[in-house]
Each structure stands twice: as C-alpha cells, then as structure tokens.
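Colleague: To start, I am sharing the structure in question, which I have written as structure tokens.
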Amino acid sequence: MPITDALPELNRKLQFFPVKNDHPQKLRQDQIQQYNEKGYICPLDVFSADEIAEHRAYFDQLIEKAIALGWNNYSINGWQAKCPGIYDLVMDNRILDYVQDLLGEDLVCWATHYFCKIPGDTQRVSWHQDASYWPLTPSKTVTVWLAIDDANMENGAMQIIPQSHRHGQIAFEPSKAEEQNVLGQTVTNPEVYGQAPVVLDLKAGQISLHSDLLLHASEPNTSDRRRCGLTLRFIPPDVQALNRWNQNSIIARGQDPSGHWFTTPRPATDQIPERN
C-alpha cells in the first residue's frame, strides 16, 4: 500500500518554497526561474580539470581507507565534519555563491554523501524525493550534486522529473529486493508528476542543483567507467532538524541566530567513523 508520509509523527511541512531574488550574484534570472518551475539547474561550472583531479585523488584514498575498515562505496555519508577534503568542498566559495542565490546569505550544510557506482554496479537509486527521508522542517534543502567523475546515461547518471517538486509529498512504496535500490523508497509511475525524465549529464568538476522535493533516480552502471558524485545538502537556518539531525552541521556562510545548528571546525585529518 502506498505511504503518504514516511514520518507522520513529526508533522513536517513538506512543500516547495519558490525563490525570490531580484539581485542574484551568480545565477541568472532565467536559471532561478527554471529552479522555481522545474526544480533543478544543470550544468554549472565550478572546478577546473586539475582541481577536480585533486578532489578525485582525495576521494580515491578516502574510499580505500573506508573499505579497509569495512565500509562500502556508498558508505561515506555525513562525514563532512570528520574529513578535511569534504569540509573544504562544503566551504568552497564558488559553490556557496550559487547556493546563496537560492537560499540567502546564511547557509548551513547539514549533510554530504558520496554516491560511487563502480563499473558493472548492479545497484540503482529508485525514484524518490529526498525530503521524504529526512526529519527536517520545512523542506528547503538545496542539494548540490558535484561530479567527481564524468556522468552520463551509460554509467548511471542522475535522472530527474522536471516539475515534480510542485506536488509536495508524493506517495511511495517500500522498495522491493529485486530493485537493488541503494535507498528504501520507490515512487511508481513518476512521469505522472511532471515532464518526461531528463538525464543530468555532467563533466567532472561541474555541479547540478535540485530541490529536495524533486523526483530523481539513477540506473545501474553498466559501463566500464566509474561514476562518483558528491551531494552537499544546504539549508537556510530557519529549517529545524528533528531527531538530533543537527549534530554534524557546518555553518558554511553567515550565521544561525537561533543557535539550533552546530558549527563544526575543520578537522585536521580524516577521522573515519567506526562501524557499529
């Protein structure tokens, strides 16, 4: 039976809040209009080939250490306060300039997650809305998806349903084992909630931006090329975290007058968590 709210006891406010910015510093007005109307912006240039090669090398050594400690290629999730290489990406002004045009001058990064699909990876990410999973209210997260490797349909690039963010919470079903879903929710018949799916082709070093209510998914990586991307989740500080989900946040720009969000200093070295 379809589920209409994953966390009904939290009484979250799940709706899209259109951006109003008459004087953006980095994005064009037509890009902001696209975000409001379609729920995403793609692609945006950030890092040069040499710069992203350095970030890729950092990820390569981090995933090697993580796997040696029993983690897998999807496990580097929420480590932004523990790993200097991720922290530095959170704080990169070129990324923050884009996000600020959508969320305002005060920015909190509350989560990050590497999604690394190795060649021949049979796992997929089924159609879902990010906000459905998270104990946050109201739903104002902007996700930055940074391409560590080139991403296209062949190696399992992200796909989105434009305009689906306008529906608020969309009913979903628990994912079936045969889906091999990295996550746990599946929205069926996603096309009825918006336009035809769009594949977000990205060159390494480029980013996309999307609303936390936008339906998105990705297919298995059937190619011989890896597809790694890092998500960085940003909010304005008026968003509240429930269930203690404010523990590993970083105030990336401006301030949080309420003091709700933690501000974490830059770690000196990688502090890989212990597996429970």
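By convention here, the chains of the structure tokens are called A, B, ... in the order presented, each chain's residues are numbered starting at 1, and ligands are numbered starting at 1 in the order presented.
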Can I get the residues of stretch 111-220 of chain A within 12 Å of stretch 62-72 of chain A, each with the closest pair of atoms and their distance in Å to one decimal, using only C-alpha atoms, sorted chain first then ascending number, as a Markdown table?

Modeller:
| residue | atom | partner | partner_atom | distance |
| --- | --- | --- | --- | --- |
| A:Tyr114 | CA | A:Ile63 | CA | 9.6 |
| A:Phe115 | CA | A:Asn72 | CA | 10.4 |
| A:Cys116 | CA | A:Asn72 | CA | 9.3 |
| A:Lys117 | CA | A:Asn72 | CA | 10.6 |
| A:Ile118 | CA | A:Asn72 | CA | 10.8 |
| A:Val182 | CA | A:Asn72 | CA | 11.6 |

Colleague: Can you tell me, as number ranges by chain, what residues are no more than 7 Å from A:Ser139 when counting only C-alpha atoms, ignoring any on the same chain fewer than 4 positions away?

Modeller: A: 13-16, 131, 212

Colleague: Those residues you just picked out, can you put them in a file as a CSV table (one decimal), in the first residue's frame with N, CA and C atoms?

Modeller:
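Contents of the output file part_7.csv:
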chain,number,residue,atom,x,y,z
A,13,LYS,N,6.6,20.1,7.4
A,13,LYS,CA,6.0,21.0,6.4
A,13,LYS,C,6.7,20.7,5.1
A,14,LEU,N,6.1,19.9,4.2
A,14,LEU,CA,6.8,19.4,3.0
A,14,LEU,C,6.1,20.1,1.8
A,15,GLN,N,6.6,21.2,1.4
A,15,GLN,CA,6.1,21.9,0.2
A,15,GLN,C,7.3,22.7,-0.4
A,16,PHE,N,7.2,23.1,-1.6
A,16,PHE,CA,8.2,23.9,-2.3
A,16,PHE,C,8.0,25.3,-2.0
A,131,ALA,N,13.4,14.8,0.5
A,131,ALA,CA,12.8,15.3,1.7
A,131,ALA,C,12.0,14.2,2.4
A,212,ASP,N,14.8,19.5,-2.7
A,212,ASP,CA,14.6,18.3,-2.0
A,212,ASP,C,13.3,17.6,-2.3

Colleague: Using only C-alpha atoms, which residues of stretch 100-125 of chain A come within 8 Å of stretch 220-224 of chain A, and what is the closest atom pair for each, with the distance in Å to one decimal? Give it as JSON lines, sorted by chain and residue number.

Modeller:
{"residue": "A:Lys117", "atom": "CA", "partner": "A:Asn221", "partner_atom": "CA", "distance": 6.3}
{"residue": "A:Ile118", "atom": "CA", "partner": "A:Asn221", "partner_atom": "CA", "distance": 7.0}
{"residue": "A:Pro119", "atom": "CA", "partner": "A:Asp224", "partner_atom": "CA", "distance": 4.8}
{"residue": "A:Gly120", "atom": "CA", "partner": "A:Thr222", "partner_atom": "CA", "distance": 4.8}
{"residue": "A:Asp121", "atom": "CA", "partner": "A:Asn221", "partner_atom": "CA", "distance": 5.2}
{"residue": "A:Thr122", "atom": "CA", "partner": "A:Pro220", "partner_atom": "CA", "distance": 5.0}
{"residue": "A:Gln123", "atom": "CA", "partner": "A:Pro220", "partner_atom": "CA", "distance": 5.3}
{"residue": "A:Arg124", "atom": "CA", "partner": "A:Pro220", "partner_atom": "CA", "distance": 4.8}

Colleague: Could you go through stretch 17-62 of chain A and tell me which residues DSSP, when run on the backbone, assigns to helix (DSSP H, G or I), listing them as a list in words?

Modeller: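 Going through stretch 17-62 of chain A, the helix (DSSP H, G or I) residues come out as Gln29, Asp30, Gln31, Ile32, Gln33, Gln34, Tyr35, Asn36, Glu37, Lys38, Ala49, Asp50, Glu51, Ile52, Ala53, Glu54, His55, Arg56, Ala57, Tyr58, Phe59, Asp60, Gln61 and Leu62 of chain A.
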
Colleague: Show me, as a tab-separated table, the residues of stretch 86-159 of chain A having an atom within 8 Å of stretch 235-241 of chain A, each with the closest atom pair and its distance in Å, using only C-alpha atoms.

Modeller:
residue	atom	partner	partner_atom	distance
A:Leu103	CA	A:Pro236	CA	5.9
A:Gly104	CA	A:Pro236	CA	7.0
A:Asp106	CA	A:Pro236	CA	5.9
A:Leu107	CA	A:Pro236	CA	5.1
A:Val108	CA	A:Ile235	CA	5.3
A:Cys109	CA	A:Ile235	CA	6.5
A:Trp110	CA	A:Ile235	CA	7.6
A:Pro135	CA	A:Ala241	CA	6.1
A:Leu136	CA	A:Ala241	CA	4.7
A:Thr137	CA	A:Gln240	CA	5.4
A:Pro138	CA	A:Val239	CA	5.7
A:Ser139	CA	A:Val239	CA	7.5
A:Lys140	CA	A:Ile235	CA	6.0
A:Thr141	CA	A:Ile235	CA	4.8
A:Val142	CA	A:Ile235	CA	6.4

Colleague: Closest to A:Arg226 among A:Asn152, A:Val144, A:Lys26, A:Leu10, using only C-alpha atoms?

Modeller: A:Asn152

Colleague: I'd like the contact shell of A:Tyr193 - 6 Å cut-off, only C-alpha atoms, skipping same-chain residues fewer than 2 positions apart - returned as a ChimeraX atom specification.

Modeller: /A:164,190-191

Colleague: Once you have the residues from the selection above, write them out as a PDB file, in the first residue's frame, restricted to N, CA and C atoms.

Modeller:
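Output (part-v9.pdb):
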ATOM      1  N   SER A 164       8.173  17.958 -10.801  1.00  0.00           N
ATOM      2  CA  SER A 164       7.619  17.061  -9.780  1.00  0.00           C
ATOM      3  C   SER A 164       7.740  17.643  -8.376  1.00  0.00           C
ATOM      4  N   PRO A 190       6.536   7.705 -12.042  1.00  0.00           N
ATOM      5  CA  PRO A 190       6.983   9.067 -11.733  1.00  0.00           C
ATOM      6  C   PRO A 190       6.594  10.094 -12.784  1.00  0.00           C
ATOM      7  N   GLU A 191       6.425   9.667 -14.042  1.00  0.00           N
ATOM      8  CA  GLU A 191       6.132  10.612 -15.120  1.00  0.00           C
ATOM      9  C   GLU A 191       4.810  11.343 -14.932  1.00  0.00           C
TER      10      GLU A 191
END

Colleague: Extract, using only C-alpha atoms, all DNA, RNA and protein residues at most 12 Å from A:Gln34, discarding same-chain residues fewer than 4 positions from it, and format them as an mmCIF file with N, CA and C atoms, in the first residue's frame.

Modeller:
data_model
loop_
_atom_site.group_PDB
_atom_site.id
_atom_site.type_symbol
_atom_site.label_atom_id
_atom_site.label_comp_id
_atom_site.auth_asym_id
_atom_site.auth_seq_id
_atom_site.Cartn_x
_atom_site.Cartn_y
_atom_site.Cartn_z
ATOM 1 N N PRO A 18 9.138 28.792 -3.459
ATOM 2 C CA PRO A 18 9.781 29.440 -4.613
ATOM 3 C C PRO A 18 10.815 30.483 -4.189
ATOM 4 N N VAL A 19 11.869 30.571 -4.979
ATOM 5 C CA VAL A 19 12.934 31.534 -4.717
ATOM 6 C C VAL A 19 12.516 32.906 -5.234
ATOM 7 N N LEU A 27 23.857 33.318 -10.228
ATOM 8 C CA LEU A 27 22.900 32.728 -11.155
ATOM 9 C C LEU A 27 22.199 33.814 -11.956
ATOM 10 N N ARG A 28 21.765 33.447 -13.156
ATOM 11 C CA ARG A 28 20.945 34.348 -13.965
ATOM 12 C C ARG A 28 19.484 34.231 -13.534
ATOM 13 N N GLN A 29 18.702 35.227 -13.872
ATOM 14 C CA GLN A 29 17.285 35.180 -13.524
ATOM 15 C C GLN A 29 16.576 34.011 -14.196
ATOM 16 N N ASP A 30 16.967 33.676 -15.430
ATOM 17 C CA ASP A 30 16.312 32.555 -16.092
ATOM 18 C C ASP A 30 16.652 31.227 -15.428
ATOM 19 N N LYS A 38 10.967 24.125 -12.645
ATOM 20 C CA LYS A 38 11.307 22.734 -12.938
ATOM 21 C C LYS A 38 12.029 22.019 -11.805
ATOM 22 N N GLY A 39 12.529 22.758 -10.823
ATOM 23 C CA GLY A 39 13.104 22.134 -9.646
ATOM 24 C C GLY A 39 14.585 21.835 -9.701
ATOM 25 N N TYR A 40 15.271 22.285 -10.766
ATOM 26 C CA TYR A 40 16.697 21.981 -10.873
ATOM 27 C C TYR A 40 17.394 22.999 -11.768
ATOM 28 N N ILE A 41 18.728 23.035 -11.668
ATOM 29 C CA ILE A 41 19.591 23.803 -12.561
ATOM 30 C C ILE A 41 20.775 22.913 -12.908
ATOM 31 N N CYS A 42 21.135 22.829 -14.183
ATOM 32 C CA CYS A 42 22.227 21.953 -14.621
ATOM 33 C C CYS A 42 22.597 22.279 -16.062
ATOM 34 N N LEU A 102 19.918 31.038 -4.148
ATOM 35 C CA LEU A 102 18.654 30.321 -3.953
ATOM 36 C C LEU A 102 18.156 30.369 -2.516
ATOM 37 N N PRO A 162 11.264 16.853 -14.210
ATOM 38 C CA PRO A 162 11.006 18.283 -14.042
ATOM 39 C C PRO A 162 9.570 18.548 -13.604
ATOM 40 N N GLN A 163 9.404 19.507 -12.736
ATOM 41 C CA GLN A 163 8.122 19.977 -12.202
ATOM 42 C C GLN A 163 7.553 19.086 -11.101
ATOM 43 N N HIS A 165 8.599 18.636 -8.196
ATOM 44 C CA HIS A 165 8.772 19.252 -6.874
ATOM 45 C C HIS A 165 7.552 20.048 -6.434
ATOM 46 N N LEU A 209 22.054 21.575 -9.275
ATOM 47 C CA LEU A 209 21.328 21.957 -8.071
ATOM 48 C C LEU A 209 19.918 21.424 -8.189
ATOM 49 N N HIS A 210 19.370 20.847 -7.113
ATOM 50 C CA HIS A 210 17.974 20.421 -7.192
ATOM 51 C C HIS A 210 17.267 20.551 -5.851
ATOM 52 N N SER A 211 15.959 20.726 -5.932
ATOM 53 C CA SER A 211 15.097 20.827 -4.761
ATOM 54 C C SER A 211 14.977 19.478 -4.075
#

Colleague: Figure out the distance between atom CA of A:Ile32 and atom CA of A:Gln100, please, to one decimal in Å.

Modeller: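 Taking atom CA of A:Gln100 and atom CA of A:Ile32, their separation equals 11.5 Å.
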
Colleague: For each of A:Gly205, A:Pro267, A:Pro257, A:Pro174, take the minimum atom-to-atom distance to A:Ser48, counting only C-alpha atoms, then give the residue where this is smallest.

Modeller: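 Closest residue, counting only C-alpha atoms: A:Gly205.
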
Colleague: Counting only C-alpha atoms, which of A:Ser208, A:Thr4, A:Gln31, A:Gln247 gets nearest to A:Ile170?

Modeller: A:Thr4

Colleague: Which distance in Å separates atom CA of A:Phe172 and atom CA of A:Gly194, to one decimal?

Modeller: 15.7 Å
